[in-house]
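Have a look at the structure below, then the notes.
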Amino acid sequence: GESGRSLEHNPIIVDGVLYACTPSLKVVALDAATGKLLWKFDSGIDGSQPSRGLTYWTDGKENRIFAGVMSFLYALDVNTGKPIRSFGKDGRIDLRENLGRTPVEKQSVWLTTPGIIYKDRIIVGGRNAETLPTPPGDVRAYDVRTGRLRWSFHTIPHPGEFGYETWPKDAWTYSGAANNWGGMALDVYRGIVYVPTGSAASDFYGANRVGDDLFANCLIALNAETGERIWHFQGARHD
């Protein structure tokens with residue numbers, strides 16, 4: 001049942017428990033010493049995207065595991081593997097929402113690389129299609145307890161935002177991708193998250209996105225608290 005699927009991650013080990021994904025995006029917790037299965041979480045979704053791992057959050061008292069399953073981010077109880085119902089909608093958030101595109105269920109965004117934790121928020125990118133139609137690759141931070149959207153950075157700038165003039169004027173309504181699919185780095189002390197992005201869509205045809213296309217093909221430094229841009233470096237203009 002796992003043929004043609006890929007596993008691209010290391011498990012994480014916390015307090016003697018190993019947490020991992022299977023190739024079809026089930027989540028398991030094993031006794032790290034014996035390999036005994038402690039629990040298994042099956043979302044009911046047949047996962048066909050690659051998994052690059054899980055995220056663990058604790059404030060010293062509460063703790064939870066975050067798992068990306070296709071277009072959803074789940075918050076799981078570390079002891080039982082059950083979704084924490086107070087997070088998002090019944091324990092998960094739908095990453096196809098909040099992108100300004102409809103219909104929501106037709107949007108192509110999948111969480112393949114795990115989110116990164118800063119204080120009480122989890123910051124995520126996503127995997128997008130590389131041809132149109134596909135949504136923009138917004139970088140988003142969600143509250144780890146409630147699943148509420150805390151901030152969103154538009155990688156295809158909206159009117160009035162920095163970089164808007166580097167695209168045709170309505171590009172933010174139809175162009176897509178410029179997404180972070182490969183993970184981020186965090187400077188905890190300065191509160192800066194470093195976000196590399198890939199190409200805009202369509203990746204091999206750019207006549208409908210004439211200009212430099214910020215923030216595709218960039219390394220962007222964002223304020224991890226607010227999502228505001230601090231600086232960027234664009235490696236390839238109009239890829």
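Following the order of the structure tokens, first chain is A, next is B, and so on, with residues numbered from 1 inside each chain and ligands from 1 in the order they appear.
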
Do you have, as a tab-separated table, the list of residues of region 101-171 of chain A lying at most 12 Å from region 62-65 of chain A, each with its nearest atom pair and that distance in Å to one decimal, counting only C-alpha atoms and ordered by chain then number?
```
residue	atom	partner	partner_atom	distance
A:Pro114	CA	A:Ile65	CA	10.6
A:Gly115	CA	A:Ile65	CA	10.8
A:Ile116	CA	A:Ile65	CA	11.8
A:Ile117	CA	A:Ile65	CA	11.2
A:Asp120	CA	A:Asn63	CA	11.1
A:Ile122	CA	A:Ile65	CA	11.1
A:Val144	CA	A:Arg64	CA	8.7
A:Arg145	CA	A:Arg64	CA	9.1
```

Within 12 Å of Gly183 (chain A), counting only C-alpha atoms, which residues qualify if same-chain residues fewer than 2 places away don't, as a PDB file with N, CA, C and O atoms, in the first residue's frame?
```pdb
ATOM      1  N   ARG A  52       8.411  15.367   5.195  1.00  0.00           N
ATOM      2  CA  ARG A  52       9.754  15.706   5.675  1.00  0.00           C
ATOM      3  C   ARG A  52       9.769  15.880   7.192  1.00  0.00           C
ATOM      4  O   ARG A  52      10.652  16.520   7.727  1.00  0.00           O
ATOM      5  N   GLY A  53       8.773  15.328   7.852  1.00  0.00           N
ATOM      6  CA  GLY A  53       8.863  15.284   9.301  1.00  0.00           C
ATOM      7  C   GLY A  53       7.769  15.996  10.057  1.00  0.00           C
ATOM      8  O   GLY A  53       6.765  16.429   9.494  1.00  0.00           O
ATOM      9  N   LEU A  54       7.988  16.109  11.360  1.00  0.00           N
ATOM     10  CA  LEU A  54       7.014  16.605  12.316  1.00  0.00           C
ATOM     11  C   LEU A  54       7.626  17.752  13.112  1.00  0.00           C
ATOM     12  O   LEU A  54       8.839  17.954  13.090  1.00  0.00           O
ATOM     13  N   THR A  55       6.777  18.478  13.833  1.00  0.00           N
ATOM     14  CA  THR A  55       7.241  19.552  14.707  1.00  0.00           C
ATOM     15  C   THR A  55       6.724  19.294  16.110  1.00  0.00           C
ATOM     16  O   THR A  55       5.557  18.927  16.289  1.00  0.00           O
ATOM     17  N   LEU A 111       1.444  20.684   2.915  1.00  0.00           N
ATOM     18  CA  LEU A 111       2.524  20.903   3.883  1.00  0.00           C
ATOM     19  C   LEU A 111       3.444  19.683   3.883  1.00  0.00           C
ATOM     20  O   LEU A 111       3.178  18.691   4.543  1.00  0.00           O
ATOM     21  N   THR A 112       4.522  19.770   3.110  1.00  0.00           N
ATOM     22  CA  THR A 112       5.454  18.646   3.025  1.00  0.00           C
ATOM     23  C   THR A 112       6.622  18.805   3.995  1.00  0.00           C
ATOM     24  O   THR A 112       7.116  17.827   4.550  1.00  0.00           O
ATOM     25  N   THR A 113       7.073  20.046   4.200  1.00  0.00           N
ATOM     26  CA  THR A 113       8.163  20.320   5.141  1.00  0.00           C
ATOM     27  C   THR A 113       7.547  20.825   6.440  1.00  0.00           C
ATOM     28  O   THR A 113       6.669  21.689   6.405  1.00  0.00           O
ATOM     29  N   PRO A 114       7.976  20.290   7.587  1.00  0.00           N
ATOM     30  CA  PRO A 114       7.308  20.666   8.839  1.00  0.00           C
ATOM     31  C   PRO A 114       7.470  22.150   9.157  1.00  0.00           C
ATOM     32  O   PRO A 114       8.427  22.794   8.730  1.00  0.00           O
ATOM     33  N   GLY A 115       6.514  22.671   9.905  1.00  0.00           N
ATOM     34  CA  GLY A 115       6.579  24.065  10.335  1.00  0.00           C
ATOM     35  C   GLY A 115       7.698  24.288  11.338  1.00  0.00           C
ATOM     36  O   GLY A 115       8.293  23.345  11.860  1.00  0.00           O
ATOM     37  N   ILE A 116       7.976  25.564  11.589  1.00  0.00           N
ATOM     38  CA  ILE A 116       9.041  25.932  12.520  1.00  0.00           C
ATOM     39  C   ILE A 116       8.411  26.710  13.683  1.00  0.00           C
ATOM     40  O   ILE A 116       7.507  27.517  13.478  1.00  0.00           O
ATOM     41  N   ILE A 117       8.857  26.414  14.895  1.00  0.00           N
ATOM     42  CA  ILE A 117       8.242  27.009  16.090  1.00  0.00           C
ATOM     43  C   ILE A 117       8.987  28.267  16.518  1.00  0.00           C
ATOM     44  O   ILE A 117      10.214  28.270  16.641  1.00  0.00           O
ATOM     45  N   ILE A 123       5.205  28.480  12.204  1.00  0.00           N
ATOM     46  CA  ILE A 123       5.329  29.180  10.932  1.00  0.00           C
ATOM     47  C   ILE A 123       5.469  28.132   9.827  1.00  0.00           C
ATOM     48  O   ILE A 123       6.295  27.235   9.920  1.00  0.00           O
ATOM     49  N   VAL A 124       4.646  28.271   8.801  1.00  0.00           N
ATOM     50  CA  VAL A 124       4.629  27.260   7.729  1.00  0.00           C
ATOM     51  C   VAL A 124       4.734  27.904   6.345  1.00  0.00           C
ATOM     52  O   VAL A 124       4.294  29.035   6.132  1.00  0.00           O
ATOM     53  N   GLY A 125       5.320  27.151   5.427  1.00  0.00           N
ATOM     54  CA  GLY A 125       5.277  27.464   4.006  1.00  0.00           C
ATOM     55  C   GLY A 125       4.341  26.464   3.356  1.00  0.00           C
ATOM     56  O   GLY A 125       3.232  26.232   3.836  1.00  0.00           O
ATOM     57  N   GLY A 126       4.800  25.826   2.284  1.00  0.00           N
ATOM     58  CA  GLY A 126       3.975  24.803   1.652  1.00  0.00           C
ATOM     59  C   GLY A 126       4.513  24.466   0.281  1.00  0.00           C
ATOM     60  O   GLY A 126       5.348  25.175  -0.277  1.00  0.00           O
ATOM     61  N   ARG A 127       4.030  23.353  -0.223  1.00  0.00           N
ATOM     62  CA  ARG A 127       4.364  22.936  -1.578  1.00  0.00           C
ATOM     63  C   ARG A 127       3.212  23.349  -2.491  1.00  0.00           C
ATOM     64  O   ARG A 127       2.056  23.043  -2.206  1.00  0.00           O
ATOM     65  N   VAL A 139       3.603  32.871   3.356  1.00  0.00           N
ATOM     66  CA  VAL A 139       4.223  32.310   4.557  1.00  0.00           C
ATOM     67  C   VAL A 139       3.336  32.716   5.717  1.00  0.00           C
ATOM     68  O   VAL A 139       3.007  33.895   5.868  1.00  0.00           O
ATOM     69  N   ASN A 179       6.890  30.065  -3.403  1.00  0.00           N
ATOM     70  CA  ASN A 179       6.593  29.459  -2.107  1.00  0.00           C
ATOM     71  C   ASN A 179       7.831  28.913  -1.416  1.00  0.00           C
ATOM     72  O   ASN A 179       8.848  28.614  -2.034  1.00  0.00           O
ATOM     73  N   ASN A 180       7.702  28.773  -0.107  1.00  0.00           N
ATOM     74  CA  ASN A 180       8.743  28.148   0.700  1.00  0.00           C
ATOM     75  C   ASN A 180       8.392  26.673   0.869  1.00  0.00           C
ATOM     76  O   ASN A 180       7.486  26.326   1.618  1.00  0.00           O
ATOM     77  N   TRP A 181       9.089  25.806   0.157  1.00  0.00           N
ATOM     78  CA  TRP A 181       8.808  24.367   0.279  1.00  0.00           C
ATOM     79  C   TRP A 181       9.951  23.625   0.971  1.00  0.00           C
ATOM     80  O   TRP A 181       9.775  22.491   1.407  1.00  0.00           O
ATOM     81  N   ALA A 185      14.933  28.727   8.505  1.00  0.00           N
ATOM     82  CA  ALA A 185      15.857  28.766   9.644  1.00  0.00           C
ATOM     83  C   ALA A 185      15.404  29.884  10.575  1.00  0.00           C
ATOM     84  O   ALA A 185      14.844  30.892  10.130  1.00  0.00           O
ATOM     85  N   LEU A 186      15.648  29.698  11.858  1.00  0.00           N
ATOM     86  CA  LEU A 186      15.172  30.656  12.853  1.00  0.00           C
ATOM     87  C   LEU A 186      16.321  31.130  13.737  1.00  0.00           C
ATOM     88  O   LEU A 186      17.095  30.326  14.235  1.00  0.00           O
ATOM     89  N   VAL A 193      13.025  34.943  11.230  1.00  0.00           N
ATOM     90  CA  VAL A 193      12.898  33.686  10.495  1.00  0.00           C
ATOM     91  C   VAL A 193      13.372  33.935   9.064  1.00  0.00           C
ATOM     92  O   VAL A 193      13.029  34.940   8.450  1.00  0.00           O
ATOM     93  N   TYR A 194      14.220  33.040   8.573  1.00  0.00           N
ATOM     94  CA  TYR A 194      14.825  33.160   7.240  1.00  0.00           C
ATOM     95  C   TYR A 194      14.109  32.193   6.296  1.00  0.00           C
ATOM     96  O   TYR A 194      14.104  30.983   6.532  1.00  0.00           O
ATOM     97  N   VAL A 195      13.523  32.748   5.249  1.00  0.00           N
ATOM     98  CA  VAL A 195      12.601  32.012   4.391  1.00  0.00           C
ATOM     99  C   VAL A 195      13.121  31.990   2.952  1.00  0.00           C
ATOM    100  O   VAL A 195      13.091  33.016   2.269  1.00  0.00           O
ATOM    101  N   PRO A 196      13.605  30.840   2.459  1.00  0.00           N
ATOM    102  CA  PRO A 196      13.954  30.748   1.040  1.00  0.00           C
ATOM    103  C   PRO A 196      12.717  30.385   0.221  1.00  0.00           C
ATOM    104  O   PRO A 196      11.879  29.600   0.665  1.00  0.00           O
ATOM    105  N   THR A 197      12.586  30.993  -0.964  1.00  0.00           N
ATOM    106  CA  THR A 197      11.434  30.706  -1.821  1.00  0.00           C
ATOM    107  C   THR A 197      11.882  30.199  -3.181  1.00  0.00           C
ATOM    108  O   THR A 197      12.991  30.487  -3.635  1.00  0.00           O
ATOM    109  N   GLY A 198      10.994  29.472  -3.831  1.00  0.00           N
ATOM    110  CA  GLY A 198      11.252  28.944  -5.171  1.00  0.00           C
ATOM    111  C   GLY A 198      10.669  29.850  -6.237  1.00  0.00           C
ATOM    112  O   GLY A 198      10.363  31.028  -6.002  1.00  0.00           O
ATOM    113  N   LEU A 219      15.776  34.876  -0.610  1.00  0.00           N
ATOM    114  CA  LEU A 219      15.925  34.591   0.811  1.00  0.00           C
ATOM    115  C   LEU A 219      15.362  35.810   1.523  1.00  0.00           C
ATOM    116  O   LEU A 219      15.830  36.935   1.301  1.00  0.00           O
TER     117      LEU A 219
END
```

Requested in this report: Would you please extract all strand (DSSP E or B) residues from region 40-126 of chain A, as assigned by DSSP on the backbone, and give them as a VMD selection string?
Outcome: chain A and resid 40 to 41 51 55 to 58 63 to 69 72 to 77 83 88 to 89 92 to 94 109 to 110 116 to 118 121 to 124

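For the set A:Thr131, A:Ser51, A:Asn217, A:Asn223, the residue with the smallest atom-to-atom gap to Gly235 (chain A) is A:Asn217, counting only C-alpha atoms.
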
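The residue set within 12 Å of Leu7 (chain A), counting only C-alpha atoms and dropping same-chain residues fewer than 5 places from it, reads Glu2, Ala20, Cys21, Thr22, Pro23, Ser24, Leu25, Lys26, Gly47, Ser48, Gln49, Pro50, Ser51, Arg52, Gly53, Thr112 and Thr113 of chain A.
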
Would you write out those residues with C-alpha atoms, as a CSV table (one decimal), in the first residue's frame?
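In the end it all went to part00.csv:
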```csv
chain,number,residue,atom,x,y,z
A,2,GLU,CA,3.0,2.3,0.2
A,20,ALA,CA,7.6,9.6,12.9
A,21,CYS,CA,5.5,9.7,9.8
A,22,THR,CA,4.8,6.7,7.5
A,23,PRO,CA,5.0,7.1,3.7
A,24,SER,CA,1.2,7.5,3.5
A,25,LEU,CA,1.3,10.2,6.2
A,26,LYS,CA,0.1,8.3,9.2
A,47,GLY,CA,-1.3,10.9,1.9
A,48,SER,CA,0.5,11.0,-1.5
A,49,GLN,CA,2.9,14.0,-0.9
A,50,PRO,CA,6.4,13.5,0.5
A,51,SER,CA,6.7,13.9,4.3
A,52,ARG,CA,9.8,15.7,5.7
A,53,GLY,CA,8.9,15.3,9.3
A,112,THR,CA,5.5,18.6,3.0
A,113,THR,CA,8.2,20.3,5.1
```

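Atom pair CA of Ile12 (chain A) / CA of Trp110 (chain A): separated by 21.0 Å.
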
Query - Nearby residues (only C-alpha atoms) at most 8 Å from region 153-165 of chain A, same-chain spacing under 3 positions excluded, as a ChimeraX atom specification - result: /A:136-140,168-169,171-172,175-176,178-179,213-216,227-228

Convert the current residue selection to file output with N, CA and C atoms, as a compact mmCIF listing (two decimals), in the first residue's frame.
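Once everything was written out, this is part08.txt:
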```
# COMPACT_ATOMS: atom_id res chain seq x y z
N PRO A 136 -0.90 31.59 -4.29
CA PRO A 136 0.38 32.19 -3.91
C PRO A 136 1.01 31.44 -2.74
N GLY A 137 2.32 31.56 -2.61
CA GLY A 137 3.05 30.82 -1.57
C GLY A 137 3.17 31.58 -0.26
N ASP A 138 2.07 32.14 0.22
CA ASP A 138 2.11 32.93 1.46
C ASP A 138 2.77 32.17 2.60
N VAL A 139 3.60 32.87 3.36
CA VAL A 139 4.22 32.31 4.56
C VAL A 139 3.34 32.72 5.72
N ARG A 140 2.93 31.74 6.53
CA ARG A 140 1.92 32.03 7.56
C ARG A 140 2.32 31.51 8.93
N PRO A 168 3.19 42.46 -12.91
CA PRO A 168 2.05 43.13 -13.54
C PRO A 168 1.00 43.46 -12.46
N LYS A 169 0.18 44.47 -12.68
CA LYS A 169 -0.60 45.03 -11.56
C LYS A 169 -1.60 44.07 -10.92
N ALA A 171 -1.18 40.71 -10.82
CA ALA A 171 -0.55 39.38 -10.71
C ALA A 171 -0.92 38.66 -9.41
N TRP A 172 -1.09 39.42 -8.34
CA TRP A 172 -1.41 38.78 -7.05
C TRP A 172 -2.75 38.04 -7.08
N SER A 175 -1.38 34.94 -10.37
CA SER A 175 -0.11 34.23 -10.38
C SER A 175 0.02 33.40 -9.10
N GLY A 176 0.98 32.49 -9.08
CA GLY A 176 1.05 31.62 -7.91
C GLY A 176 2.45 31.18 -7.57
N ALA A 178 5.95 30.98 -5.79
CA ALA A 178 6.91 31.82 -5.04
C ALA A 178 6.86 31.38 -3.59
N ASN A 179 6.89 30.07 -3.40
CA ASN A 179 6.59 29.46 -2.11
C ASN A 179 7.83 28.91 -1.42
N ASP A 213 9.57 39.97 -10.18
CA ASP A 213 8.77 38.95 -9.46
C ASP A 213 9.24 38.73 -8.02
N LEU A 214 9.34 39.79 -7.24
CA LEU A 214 9.55 39.60 -5.80
C LEU A 214 8.25 39.02 -5.21
N PHE A 215 8.32 38.02 -4.34
CA PHE A 215 9.48 37.50 -3.63
C PHE A 215 9.79 36.06 -4.05
N ALA A 216 9.66 35.78 -5.35
CA ALA A 216 10.10 34.48 -5.86
C ALA A 216 11.62 34.43 -5.85
N GLY A 227 5.70 38.93 11.11
CA GLY A 227 5.70 38.60 9.69
C GLY A 227 6.17 39.73 8.80
N GLU A 228 6.63 40.83 9.39
CA GLU A 228 7.10 41.96 8.57
C GLU A 228 8.47 41.66 7.96
```

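Closest approach to Lys89 (chain A) among A:Trp57, A:Tyr74, A:Phe66, A:Trp167 is made by A:Tyr74 (distances from only C-alpha atoms).
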
Report task. Pick out the residues sitting within 8 Å of Arg101 (chain A), and hand them over as a VMD selection string; count only C-alpha atoms, and ignore anything fewer than 6 positions along from it in its own chain. Result -> chain A and resid 107 135 173

Output all heavy atoms for every residue in the selection just made, as a CSV table (one decimal), in the first residue's frame.
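Listed below is the output, part37.csv:
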```
chain,number,residue,atom,x,y,z
A,107,GLN,N,-7.7,24.7,-4.2
A,107,GLN,CA,-6.4,25.2,-4.1
A,107,GLN,C,-5.3,24.1,-3.9
A,107,GLN,O,-5.6,23.2,-3.2
A,107,GLN,CB,-6.3,26.3,-3.0
A,107,GLN,CG,-7.3,27.4,-3.2
A,107,GLN,CD,-7.3,28.0,-4.6
A,107,GLN,OE1,-6.2,28.4,-5.1
A,107,GLN,NE2,-8.4,28.1,-5.2
A,135,PRO,N,-2.2,28.6,-6.0
A,135,PRO,CA,-2.3,29.8,-5.2
A,135,PRO,C,-0.9,30.4,-4.9
A,135,PRO,O,0.1,29.8,-5.2
A,135,PRO,CB,-3.0,29.3,-3.9
A,135,PRO,CG,-2.6,27.8,-3.9
A,135,PRO,CD,-2.5,27.4,-5.3
A,173,THR,N,-3.6,38.3,-8.1
A,173,THR,CA,-4.9,37.7,-8.2
A,173,THR,C,-4.9,36.4,-9.0
A,173,THR,O,-5.8,35.6,-8.9
A,173,THR,CB,-6.0,38.6,-8.8
A,173,THR,OG1,-5.6,38.9,-10.1
A,173,THR,CG2,-6.1,39.9,-8.0
```

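Look at Asp31 (chain A): the protein and nucleic acid residues within 9 Å of it, using only C-alpha atoms and passing over chain neighbours fewer than 5 places away, are Gly16, Val17, Leu18, Lys36, Leu37 and Leu38 of chain A.
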
Report task. Identify all residues of region 52-238 of chain A in helix (DSSP H, G or I) (DSSP on the backbone) and supply them as a list of chain:residue names. Result -> A:Val104, A:Glu105, A:Lys106, A:Tyr164, A:Glu165, A:Thr166, A:Ala171, A:Trp172, A:Thr173, A:Tyr174, A:Ala207, A:Asn208, A:Arg209

Show which residues sit within 8 Å of Phe72 (chain A), as a short mmCIF file (atom, residue, chain, number, x, y, z; two decimals) with C-alpha atoms, in the first residue's frame. Count only C-alpha atoms, and ignore same-chain residues fewer than 3 positions away.
```
data_model
loop_
_atom_site.label_atom_id
_atom_site.label_comp_id
_atom_site.auth_asym_id
_atom_site.auth_seq_id
_atom_site.Cartn_x
_atom_site.Cartn_y
_atom_site.Cartn_z
CA GLY A 68 1.25 18.08 7.99
CA VAL A 69 -1.11 15.71 6.16
CA ARG A 92 -6.62 20.78 12.34
CA ILE A 93 -6.36 23.82 10.08
CA ASP A 94 -6.94 23.85 6.34
CA LEU A 95 -3.99 25.53 4.61
CA TRP A 110 0.42 20.84 0.74
CA LEU A 111 2.52 20.90 3.88
#
```

Report task. May I ask for the distance between CA of Tyr174 (chain A) and CA of Arg229 (chain A), given in Å to one decimal place? Result -> 22.7 Å

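Each of A:Val14, A:Ala207, A:Ile45, A:Leu132 was compared to Thr58 (chain A) using only C-alpha atoms, and A:Val14 turns out to be the nearest.
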
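Shortest atom-to-atom contact with Arg209 (chain A) among A:Phe87, A:Ala236, A:Val27, A:Asp170: A:Asp170, counting only C-alpha atoms.
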
Report summary line: Thr226 (chain A) proximity check over A:Gly206, A:Pro11, A:Gly147, A:Gly191, using only C-alpha atoms: winner is A:Gly191

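Distance check against Lys106 (chain A) using only C-alpha atoms: of A:Asp90, A:Thr134, A:Asp15, A:Asn79, the minimum falls on A:Thr134.
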